[in-house]
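Asker: Contents of target.cif (mmCIF, C-alpha atoms):
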```cif
data_entry
#
loop_
_atom_site.label_atom_id
_atom_site.label_comp_id
_atom_site.auth_asym_id
_atom_site.auth_seq_id
_atom_site.Cartn_x
_atom_site.Cartn_y
_atom_site.Cartn_z
CA MET A 12 13.78 -8.34 -23.77
CA LYS A 13 11.49 -8.61 -26.79
CA ASN A 14 10.42 -5.67 -28.92
CA THR A 15 7.14 -5.11 -30.72
CA VAL A 16 7.33 -4.13 -34.39
CA LEU A 17 6.58 -0.53 -33.37
CA THR A 18 9.27 -0.15 -30.67
CA ASN A 19 11.44 2.21 -32.73
CA ILE A 20 8.41 4.32 -33.64
CA HIS A 21 7.53 4.70 -29.94
CA SER A 22 11.08 5.85 -29.18
CA GLU A 23 10.95 8.36 -32.06
CA LEU A 24 7.68 9.70 -30.62
CA GLY A 25 9.46 10.35 -27.33
CA ALA A 26 7.97 7.49 -25.33
CA LYS A 27 9.55 6.45 -22.07
CA MET A 28 10.24 2.73 -22.58
CA VAL A 29 10.18 0.20 -19.73
CA PRO A 30 10.44 -3.58 -19.42
CA PHE A 31 6.95 -5.10 -19.11
CA ALA A 32 6.05 -8.81 -19.32
CA GLY A 33 9.32 -9.52 -21.10
CA TYR A 34 8.79 -6.74 -23.66
CA ASN A 35 10.20 -3.26 -24.16
CA MET A 36 6.99 -1.21 -23.91
CA PRO A 37 5.98 2.49 -23.93
CA VAL A 38 4.84 3.45 -20.42
CA GLN A 39 4.06 7.07 -21.33
CA TYR A 40 4.61 9.73 -23.98
CA GLU A 41 3.43 13.12 -22.68
CA GLY A 42 2.34 12.10 -19.20
CA VAL A 43 -0.21 9.81 -17.57
CA ASN A 44 -2.88 12.42 -16.81
CA ILE A 45 -2.84 13.98 -20.29
CA GLU A 46 -2.98 10.56 -21.95
CA HIS A 47 -5.73 9.37 -19.62
CA GLU A 48 -7.86 12.46 -20.38
CA THR A 49 -7.23 12.05 -24.13
CA VAL A 50 -8.85 8.59 -24.04
CA ARG A 51 -11.75 9.71 -21.85
CA GLU A 52 -12.50 12.81 -23.97
CA HIS A 53 -11.25 12.02 -27.49
CA LEU A 54 -9.32 8.89 -28.52
CA GLY A 55 -5.94 7.28 -28.16
CA VAL A 56 -4.07 4.37 -29.69
CA PHE A 57 -2.16 1.80 -27.63
CA ASP A 58 0.36 -0.72 -28.90
CA VAL A 59 -0.54 -3.87 -26.96
CA SER A 60 1.17 -6.30 -29.33
CA HIS A 61 2.81 -8.03 -26.36
CA MET A 62 -0.47 -9.87 -25.72
CA GLY A 63 -0.60 -13.58 -26.62
CA GLU A 64 -2.81 -15.22 -29.25
CA PHE A 65 -3.61 -18.93 -29.57
CA LEU A 66 -5.63 -20.40 -32.42
CA VAL A 67 -7.70 -23.45 -31.39
CA SER A 68 -9.28 -25.31 -34.30
CA GLY A 69 -10.94 -28.52 -35.45
CA PRO A 70 -13.91 -30.62 -34.32
CA LYS A 71 -12.55 -30.81 -30.75
CA ALA A 72 -11.86 -27.06 -30.38
CA LEU A 73 -15.00 -26.27 -28.41
CA ASP A 74 -14.54 -29.32 -26.16
CA LEU A 75 -11.09 -28.10 -25.15
CA ILE A 76 -12.20 -24.51 -24.55
CA GLN A 77 -15.18 -25.66 -22.49
CA LYS A 78 -12.92 -27.81 -20.32
CA VAL A 79 -10.27 -25.19 -19.54
CA SER A 80 -12.37 -22.00 -19.36
CA SER A 81 -15.00 -20.89 -16.85
CA ASN A 82 -17.47 -19.18 -19.17
CA ASP A 83 -19.79 -21.04 -21.56
CA ALA A 84 -18.16 -20.79 -24.99
CA SER A 85 -20.98 -22.84 -26.55
CA LYS A 86 -23.02 -19.58 -26.48
CA LEU A 87 -20.60 -17.93 -28.91
CA THR A 88 -21.61 -17.45 -32.52
CA ILE A 89 -19.26 -16.34 -35.33
CA GLY A 90 -18.41 -12.68 -34.79
CA LYS A 91 -18.85 -12.73 -31.03
CA ALA A 92 -16.25 -12.59 -28.24
CA GLN A 93 -16.41 -13.57 -24.59
CA TYR A 94 -14.47 -12.67 -21.46
CA SER A 95 -13.45 -15.75 -19.48
CA CYS A 96 -10.79 -17.19 -17.18
CA LEU A 97 -8.74 -20.37 -16.88
CA PRO A 98 -9.34 -21.80 -13.39
CA ASN A 99 -6.57 -23.87 -11.84
CA GLU A 100 -7.09 -27.01 -9.76
CA ASP A 101 -6.51 -25.23 -6.42
CA GLY A 102 -9.23 -22.57 -6.48
CA GLY A 103 -7.15 -19.91 -8.23
CA ILE A 104 -6.89 -18.48 -11.74
CA VAL A 105 -4.22 -19.39 -14.31
CA ASP A 106 -5.14 -16.32 -16.40
CA ASP A 107 -8.04 -14.26 -17.70
CA LEU A 108 -8.58 -14.09 -21.45
CA ILE A 109 -10.90 -13.19 -24.32
CA ILE A 110 -12.25 -15.95 -26.59
CA TYR A 111 -13.27 -15.07 -30.17
CA LYS A 112 -15.29 -17.39 -32.40
CA ILE A 113 -13.66 -16.76 -35.79
CA LYS A 114 -15.50 -19.45 -37.76
CA GLU A 115 -17.11 -22.82 -37.13
CA GLU A 116 -14.53 -24.95 -35.30
CA GLN A 117 -12.03 -22.09 -34.97
CA TYR A 118 -11.44 -19.86 -31.94
CA LEU A 119 -8.88 -17.21 -31.07
CA LEU A 120 -7.78 -17.06 -27.42
CA VAL A 121 -6.15 -13.79 -26.37
CA VAL A 122 -4.10 -14.10 -23.18
CA ASN A 123 -1.88 -11.89 -21.03
CA ALA A 124 1.68 -11.34 -22.23
CA SER A 125 3.31 -12.47 -18.99
CA ASN A 126 1.37 -15.75 -19.08
CA ILE A 127 1.81 -16.89 -22.69
CA GLU A 128 4.04 -19.87 -21.92
CA LYS A 129 2.19 -20.77 -18.71
CA ASP A 130 -1.21 -20.67 -20.46
CA TRP A 131 0.02 -22.65 -23.46
CA ASN A 132 1.37 -25.41 -21.21
CA TRP A 133 -1.79 -25.44 -19.09
CA ILE A 134 -4.17 -25.74 -22.05
CA SER A 135 -1.89 -28.25 -23.78
CA LYS A 136 -1.98 -30.47 -20.70
CA TYR A 137 -5.75 -30.85 -20.98
CA ASN A 138 -5.59 -31.11 -24.76
CA GLU A 139 -3.63 -34.36 -24.55
CA ALA A 140 -6.89 -36.20 -23.84
CA ILE A 141 -9.05 -34.04 -26.16
CA GLY A 142 -7.01 -33.57 -29.33
CA ALA A 143 -7.90 -30.11 -30.65
CA GLU A 144 -5.53 -28.35 -33.06
CA MET A 145 -3.54 -25.62 -31.27
CA ARG A 146 -1.25 -22.94 -32.70
CA ASP A 147 0.59 -20.24 -30.79
CA ILE A 148 0.53 -17.25 -33.18
CA SER A 149 1.64 -14.68 -30.57
CA ASP A 150 4.91 -13.85 -32.36
CA ASP A 151 3.18 -13.35 -35.73
CA TYR A 152 0.41 -10.93 -34.76
CA SER A 153 0.20 -7.38 -33.48
CA LEU A 154 -2.61 -5.71 -31.54
CA LEU A 155 -3.59 -2.05 -31.44
CA ALA A 156 -6.25 -0.71 -29.09
CA ILE A 157 -8.01 2.41 -30.44
CA GLN A 158 -9.97 3.67 -27.46
CA GLY A 159 -12.19 6.66 -26.72
CA PRO A 160 -15.59 8.19 -27.53
CA LYS A 161 -14.42 9.50 -30.94
CA ALA A 162 -13.16 6.09 -32.13
CA VAL A 163 -16.13 5.18 -34.36
CA GLU A 164 -16.26 8.57 -36.07
CA ALA A 165 -12.50 8.89 -36.49
CA MET A 166 -11.84 5.38 -37.80
CA GLN A 167 -14.81 5.06 -40.15
CA SER A 168 -12.80 6.38 -43.12
CA LEU A 169 -10.44 3.36 -42.82
CA THR A 170 -13.06 0.67 -43.53
CA LEU A 171 -16.26 -0.02 -45.49
CA ILE A 172 -17.73 -1.83 -42.46
CA ASP A 173 -20.20 0.28 -40.45
CA LEU A 174 -18.21 0.60 -37.21
CA SER A 175 -21.20 1.96 -35.29
CA ALA A 176 -23.03 -1.33 -35.95
CA ILE A 177 -20.40 -3.48 -34.17
CA LYS A 178 -21.81 -4.03 -30.71
CA PHE A 179 -19.71 -4.42 -27.56
CA TYR A 180 -17.89 -7.77 -27.54
CA ASN A 181 -18.66 -8.34 -31.23
CA PHE A 182 -16.18 -8.20 -34.09
CA GLU A 183 -15.82 -8.20 -37.88
CA VAL A 184 -13.04 -9.61 -40.05
CA ALA A 185 -12.68 -7.02 -42.81
CA GLU A 186 -10.42 -4.60 -44.65
CA PHE A 187 -9.06 -1.87 -42.39
CA ALA A 188 -6.44 0.78 -43.19
CA GLY A 189 -5.83 -0.87 -46.58
CA ILE A 190 -5.15 -4.30 -45.07
CA ASP A 191 -7.37 -7.34 -45.70
CA ASN A 192 -8.62 -9.79 -43.04
CA VAL A 193 -8.10 -7.56 -40.03
CA ILE A 194 -10.06 -8.38 -36.86
CA ILE A 195 -11.95 -5.23 -35.80
CA SER A 196 -13.20 -5.98 -32.30
CA ALA A 197 -15.46 -3.74 -30.18
CA THR A 198 -13.55 -4.58 -27.02
CA GLY A 199 -11.12 -2.73 -24.77
CA TYR A 200 -9.71 -2.19 -21.31
CA THR A 201 -10.61 1.47 -20.78
CA GLY A 202 -14.38 1.83 -20.41
CA SER A 203 -14.46 4.61 -23.03
CA GLY A 204 -15.46 2.55 -26.06
CA GLY A 205 -13.44 1.86 -29.19
CA PHE A 206 -11.86 -1.07 -30.95
CA GLU A 207 -9.02 -3.55 -30.77
CA ILE A 208 -7.34 -4.29 -34.09
CA TYR A 209 -5.54 -7.60 -34.75
CA CYS A 210 -3.27 -7.76 -37.79
CA LYS A 211 -0.03 -9.42 -38.89
CA ASN A 212 3.29 -8.00 -37.76
CA SER A 213 4.13 -7.11 -41.36
CA GLU A 214 0.99 -4.94 -41.54
CA VAL A 215 0.94 -3.14 -38.20
CA GLU A 216 3.17 -0.19 -39.12
CA GLN A 217 0.82 0.73 -41.98
CA VAL A 218 -2.21 0.36 -39.70
CA TRP A 219 -0.58 2.45 -36.93
CA ASN A 220 0.30 5.29 -39.33
CA LYS A 221 -3.13 5.34 -40.97
CA VAL A 222 -4.89 5.26 -37.58
CA LEU A 223 -2.92 8.30 -36.39
CA GLU A 224 -3.59 10.07 -39.69
CA ALA A 225 -7.34 9.32 -39.63
CA GLY A 226 -7.62 10.41 -36.01
CA LYS A 227 -5.61 13.62 -36.38
CA ASP A 228 -8.65 15.93 -36.56
CA TYR A 229 -10.25 14.12 -33.59
CA GLY A 230 -7.39 14.66 -31.14
CA ILE A 231 -5.82 11.19 -31.31
CA LYS A 232 -2.57 10.56 -29.45
CA PRO A 233 -0.42 7.50 -28.78
CA ILE A 234 -1.04 6.26 -25.23
CA GLY A 235 1.25 4.33 -22.88
CA LEU A 236 0.73 1.50 -20.43
CA ALA A 237 0.55 3.80 -17.38
CA ALA A 238 -2.66 5.45 -18.62
CA ARG A 239 -3.98 2.04 -19.63
CA ASP A 240 -3.67 1.07 -15.98
CA THR A 241 -5.42 4.17 -14.57
CA LEU A 242 -8.21 3.82 -17.17
CA ARG A 243 -8.87 0.16 -16.36
CA LEU A 244 -8.72 0.80 -12.63
CA GLU A 245 -11.37 3.54 -12.83
CA MET A 246 -13.61 0.86 -14.38
CA GLY A 247 -12.76 -1.72 -11.72
CA TYR A 248 -11.35 -4.12 -14.33
CA CYS A 249 -9.08 -6.81 -12.89
CA LEU A 250 -5.38 -6.91 -13.74
CA TYR A 251 -3.80 -10.35 -13.69
CA GLY A 252 -0.90 -10.50 -11.24
CA ASN A 253 -2.49 -7.81 -9.04
CA ASP A 254 -6.23 -8.35 -8.53
CA ILE A 255 -6.39 -11.96 -9.71
CA ASP A 256 -3.74 -14.68 -9.71
CA ASP A 257 -3.09 -18.33 -8.94
CA THR A 258 -4.38 -17.85 -5.38
CA THR A 259 -7.62 -15.90 -6.03
CA SER A 260 -10.81 -17.61 -7.15
CA PRO A 261 -13.18 -16.11 -9.72
CA ILE A 262 -15.90 -16.12 -7.04
CA GLU A 263 -13.74 -14.08 -4.64
CA ALA A 264 -12.77 -11.71 -7.47
CA GLY A 265 -16.39 -10.90 -8.38
CA LEU A 266 -16.11 -12.91 -11.60
CA GLY A 267 -19.02 -15.22 -10.82
CA TRP A 268 -20.70 -13.79 -13.94
CA ILE A 269 -18.09 -15.51 -16.14
CA THR A 270 -18.21 -18.75 -14.13
CA LYS A 271 -20.97 -20.93 -15.59
CA PHE A 272 -21.86 -24.18 -13.83
CA THR A 273 -23.98 -25.42 -16.75
CA LYS A 274 -20.95 -27.39 -17.98
CA ASP A 275 -17.95 -29.28 -16.62
CA PHE A 276 -14.67 -27.39 -16.40
CA VAL A 277 -11.46 -27.48 -14.36
CA ASN A 278 -12.25 -27.25 -10.62
CA ALA A 279 -15.95 -26.57 -11.30
CA GLU A 280 -17.19 -28.57 -8.30
CA ALA A 281 -15.04 -26.69 -5.76
CA LEU A 282 -15.94 -23.30 -7.26
CA LYS A 283 -19.63 -24.17 -7.27
CA ARG A 284 -19.39 -25.12 -3.61
CA GLN A 285 -17.64 -21.84 -2.84
CA LYS A 286 -20.37 -19.89 -4.64
CA GLU A 287 -23.09 -21.71 -2.69
CA GLU A 288 -21.39 -21.41 0.69
CA GLY A 289 -20.08 -17.89 0.10
CA ALA A 290 -16.45 -16.83 -0.18
CA THR A 291 -14.69 -15.79 3.02
CA ARG A 292 -13.15 -12.78 1.27
CA LYS A 293 -14.15 -10.61 -1.68
CA LEU A 294 -12.52 -8.12 -4.01
CA VAL A 295 -14.02 -4.66 -3.44
CA GLY A 296 -13.55 -1.17 -4.77
CA PHE A 297 -12.82 1.65 -2.35
CA GLU A 298 -12.33 5.42 -2.45
CA MET A 299 -10.09 7.35 -0.11
CA VAL A 300 -11.95 9.58 2.35
CA GLU A 301 -8.74 11.11 3.66
CA ARG A 302 -5.76 12.13 1.55
CA GLY A 303 -3.64 9.22 0.41
CA ILE A 304 -2.81 7.08 -2.60
CA PRO A 305 -3.42 3.35 -2.18
CA ARG A 306 -0.72 1.00 -3.46
CA ASN A 307 -0.51 -2.72 -4.09
CA GLY A 308 0.31 -4.59 -0.90
CA TYR A 309 -0.92 -2.02 1.64
CA GLU A 310 -2.75 -3.59 4.57
CA ILE A 311 -6.48 -2.89 4.99
CA LEU A 312 -7.66 -2.51 8.61
CA ASN A 313 -10.98 -2.16 10.42
CA ALA A 314 -11.75 0.41 13.15
CA ASN A 315 -10.19 -1.90 15.76
CA ASP A 316 -6.84 -1.97 13.91
CA GLN A 317 -7.36 -5.60 12.88
CA THR A 318 -6.02 -6.56 9.45
CA ILE A 319 -8.99 -7.49 7.25
CA GLY A 320 -7.30 -7.61 3.85
CA HIS A 321 -4.84 -5.98 1.46
CA VAL A 322 -4.78 -3.60 -1.50
CA THR A 323 -4.25 -5.20 -4.93
CA SER A 324 -4.38 -2.07 -7.16
CA GLY A 325 -4.50 1.64 -6.42
CA THR A 326 -3.92 5.05 -7.94
CA MET A 327 -4.86 8.71 -7.85
CA SER A 328 -7.79 8.73 -10.28
CA PRO A 329 -7.22 11.36 -13.01
CA SER A 330 -10.98 11.57 -13.71
CA LEU A 331 -12.15 11.77 -10.08
CA SER A 332 -9.13 13.51 -8.49
CA LYS A 333 -9.14 11.14 -5.52
CA GLY A 334 -7.39 7.97 -4.45
CA ILE A 335 -9.14 4.77 -5.58
CA GLY A 336 -8.25 1.12 -5.27
CA LEU A 337 -9.21 -2.53 -5.32
CA GLY A 338 -8.51 -4.96 -2.54
CA TYR A 339 -9.57 -8.18 -0.87
CA VAL A 340 -11.39 -7.85 2.46
CA THR A 341 -13.20 -10.31 4.73
CA LYS A 342 -16.85 -10.84 3.77
CA GLU A 343 -18.10 -8.84 6.81
CA ASN A 344 -16.49 -5.72 5.31
CA THR A 345 -17.72 -5.88 1.73
CA ALA A 346 -20.95 -3.85 1.93
CA GLU A 347 -21.11 -0.56 0.05
CA GLY A 348 -20.39 2.34 2.41
CA THR A 349 -18.32 0.27 4.88
CA THR A 350 -15.54 2.32 6.46
CA ILE A 351 -12.10 0.74 6.12
CA TYR A 352 -8.59 2.02 6.80
CA LEU A 353 -5.33 1.72 4.87
CA GLN A 354 -2.01 1.40 6.62
CA ILE A 355 0.05 3.93 4.64
CA ARG A 356 3.52 3.92 6.18
CA LYS A 357 2.82 4.57 9.88
CA LYS A 358 -0.51 6.27 9.35
CA LYS A 359 -4.02 4.78 9.37
CA VAL A 360 -5.92 6.48 6.52
CA GLU A 361 -9.72 6.31 6.12
CA ALA A 362 -11.44 4.95 2.99
CA LYS A 363 -14.87 3.56 2.17
CA VAL A 364 -16.13 0.64 0.11
CA VAL A 365 -17.95 1.80 -3.04
CA LYS A 366 -19.84 0.22 -5.90
CA LEU A 367 -17.88 -0.35 -9.11
CA PRO A 368 -17.12 1.17 -11.54
CA PHE A 369 -15.56 4.23 -9.96
CA TYR A 370 -15.93 6.16 -13.22
CA LYS A 371 -19.42 6.48 -14.67
CA ASN A 372 -19.37 7.35 -18.35
CA ILE A 373 -22.31 9.74 -18.70
#
```
Step by step, read the file and then write its structure as structure tokens.
Answerer:
Amino acid sequence: MKNTVLTNIHSELGAKMVPFAGYNMPVQYEGVNIEHETVREHLGVFDVSHMGEFLVSGPKALDLIQKVSSNDASKLTIGKAQYSCLPNEDGGIVDDLIIYKIKEEQYLLVVNASNIEKDWNWISKYNEAIGAEMRDISDDYSLLAIQGPKAVEAMQSLTLIDLSAIKFYNFEVAEFAGIDNVIISATGYTGSGGFEIYCKNSEVEQVWNKVLEAGKDYGIKPIGLAARDTLRLEMGYCLYGNDIDDTTSPIEAGLGWITKFTKDFVNAEALKRQKEEGATRKLVGFEMVERGIPRNGYEILNANDQTIGHVTSGTMSPSLSKGIGLGYVTKENTAEGTTIYLQIRKKKVEAKVVKLPFYKNI
């Protein structure tokens, strides 16, 4: 089990530590609901240093990224980031990722912790014919997510860059918390605004301490992975391994918006055909009408007790105080307002398909 640089600090702060994606990670400190509300109302800081980072450089960098990813990275300019996925050859997804254009002919690919080796091998396979420069810097870099509506105000004292001017999915490389060349990225997995901070392992303890100090008057707290999951689910954001995987296509998962057929990429022809013909199943959001908490793997039924799909993610929403979930259902059952049923133990529990996100940030 690997540790992040901050593992001992999390333990000292009273975090409950659990194994996650091969790392010892904080799942919660005070409790999921309190931490969730902190991010929605104020701000919190997550240690997500388990994530993977690949540097792709040189004159062939863009060629490689265009081949392996579904989105159109040629649209990126320096200082912009893009959500994308790595399609496999069988209609599924190797991983989802964020691509940053750091400078001309240099990109940072940020991938899921559990998929670092798998992604590296997959991209390397296609790079044999292309010849871009690739470096896996995952073990050298740390990542903090500072999320919540107070993030700009609270963190402004740590940098000379105007944080309010960094638009969503844009970033700056600047001094932050006394450290040079930090990536300050207006991205996140919570739907409450904020930044993700990339720095070297040797620098992250200083950044962590200064972030907590700067946010003290704004109600900052350290936040665990459990609240990260409830926050992302309220936004309808996919989690790799649950809502998307090697068997789910980006079209089925509602990720057609990051699947651009203006270029050639892995399995593009088959995915284009699926988009034109229509997928036989789709990922939908649903809210519980009756009492019940949806869980991964539960069967989804129609009124005639026929199985029409399965739940991929579910929770009791702290913001909405009701059960919410994501799941794949047959295309006839995807319309907003459709009544569906979950098989929860021996009981058939009513739910309805709703438009995402579940949580609307007013």
Asker: From the list A:Gly303, A:Gly247, A:Gly202, A:Gly289, which residue is nearest Pro160 in chain A when using all atoms listed in the file?
Answerer: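 Result for the nearest residue to Pro160 in chain A: A:Gly202.
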Asker: Go through the shown structure with the PyMOL selection byres ((chain A and resi 27) around 9) and write out the matching residues as a PyMOL selection string.
Answerer: chain A and resi 21-22+25-26+28-29+36-40+235
Asker: If you measure from CA of Ala92 in chain A to CA of Val295 in chain A, what distance in Å do you get, rounded to one decimal?
Answerer: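 Between CA of Ala92 in chain A and CA of Val295 in chain A the gap is 26.1 Å.
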Asker: Closest to Gln158 in chain A among A:Lys283, A:Lys357, A:Arg51, A:Lys342, using only C-alpha atoms?
Answerer: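 Going through A:Lys283, A:Lys357, A:Arg51, A:Lys342 one by one, the smallest distance to Gln158 in chain A is for A:Arg51.
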Asker: For the file shown, report as a PyMOL selection string the outcome of the PyMOL selection byres ((chain A and resi 33) around 9) at residue level.
Answerer: chain A and resi 12-14+30-32+34-35+61+124-125
Asker: List the spatial neighbours of Lys359 in chain A as an NGL selection string - criterion: any atom at most 12 Å away, only C-alpha atoms, same-chain residues fewer than 6 positions off excluded.
Answerer: :A and (299-303 or 305 or 309-318 or 351-353)
Asker: Give as number ranges by chain the residues that the PyMOL selection byres ((chain A and resi 324-335) around 7) matches when applied to the coordinates above.
Answerer: A: 44, 241, 245, 253-254, 297-299, 303-307, 322-323, 336-338
Asker: So, counting all atoms listed in the file, which residue among A:Ile134, A:Leu155, A:Val16, A:Leu73 is closest to Gln117 in chain A?
Answerer: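 Using all atoms listed in the file, Gln117 in chain A sits closest to A:Leu73.
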Asker: Report, in Å to a single decimal, how far apart CA of Asn82 in chain A and CA of Ala156 in chain A are.
Answerer: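 Rounded to one decimal, the two atoms are 23.8 Å apart.
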Asker: Using only C-alpha atoms, which of A:Lys358, A:Arg284, A:Lys161, A:Lys136 sits nearest Tyr229 in chain A?
Answerer: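 Between A:Lys358, A:Arg284, A:Lys161, A:Lys136, the residue approaching Tyr229 in chain A most closely is A:Lys161.
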Asker: When you count all atoms listed in the file, which of these residues is closest to Val105 in chain A: A:Asp275, A:Asp130, A:Asp240, A:Glu214?
Answerer: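 When distances to Val105 in chain A are compared using all atoms listed in the file, the smallest one comes from A:Asp130.
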Asker: Given the choices A:Leu223, A:Lys366, A:Ser81, A:Ile157, which gets closest to Ser196 in chain A if the distance is worked out from only C-alpha atoms?
Answerer: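 So, comparing all the options, the nearest one is A:Ile157.
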Asker: Calculate how many Å separate CA of Gly90 in chain A from CA of Ile194 in chain A, rounding to one decimal.
Answerer: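 Computing it gives 9.6 Å between the two atoms.
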Asker: Quick one: residues within 10 Å of Trp133 in chain A, all atoms listed in the file counted, chain neighbours fewer than 6 positions away excluded, as JSON, numbers by chain?
Answerer: {"A": [79, 97, 99, 105, 127]}
Asker: Can you write just those residues out, C-alpha atoms, as an mmCIF file, keeping the file's coordinate frame?
Answerer:
```
data_model
loop_
_atom_site.group_PDB
_atom_site.id
_atom_site.type_symbol
_atom_site.label_atom_id
_atom_site.label_comp_id
_atom_site.auth_asym_id
_atom_site.auth_seq_id
_atom_site.Cartn_x
_atom_site.Cartn_y
_atom_site.Cartn_z
ATOM 1 C CA VAL A 79 -10.270 -25.190 -19.540
ATOM 2 C CA LEU A 97 -8.740 -20.370 -16.880
ATOM 3 C CA ASN A 99 -6.570 -23.870 -11.840
ATOM 4 C CA VAL A 105 -4.220 -19.390 -14.310
ATOM 5 C CA ILE A 127 1.810 -16.890 -22.690
#
```
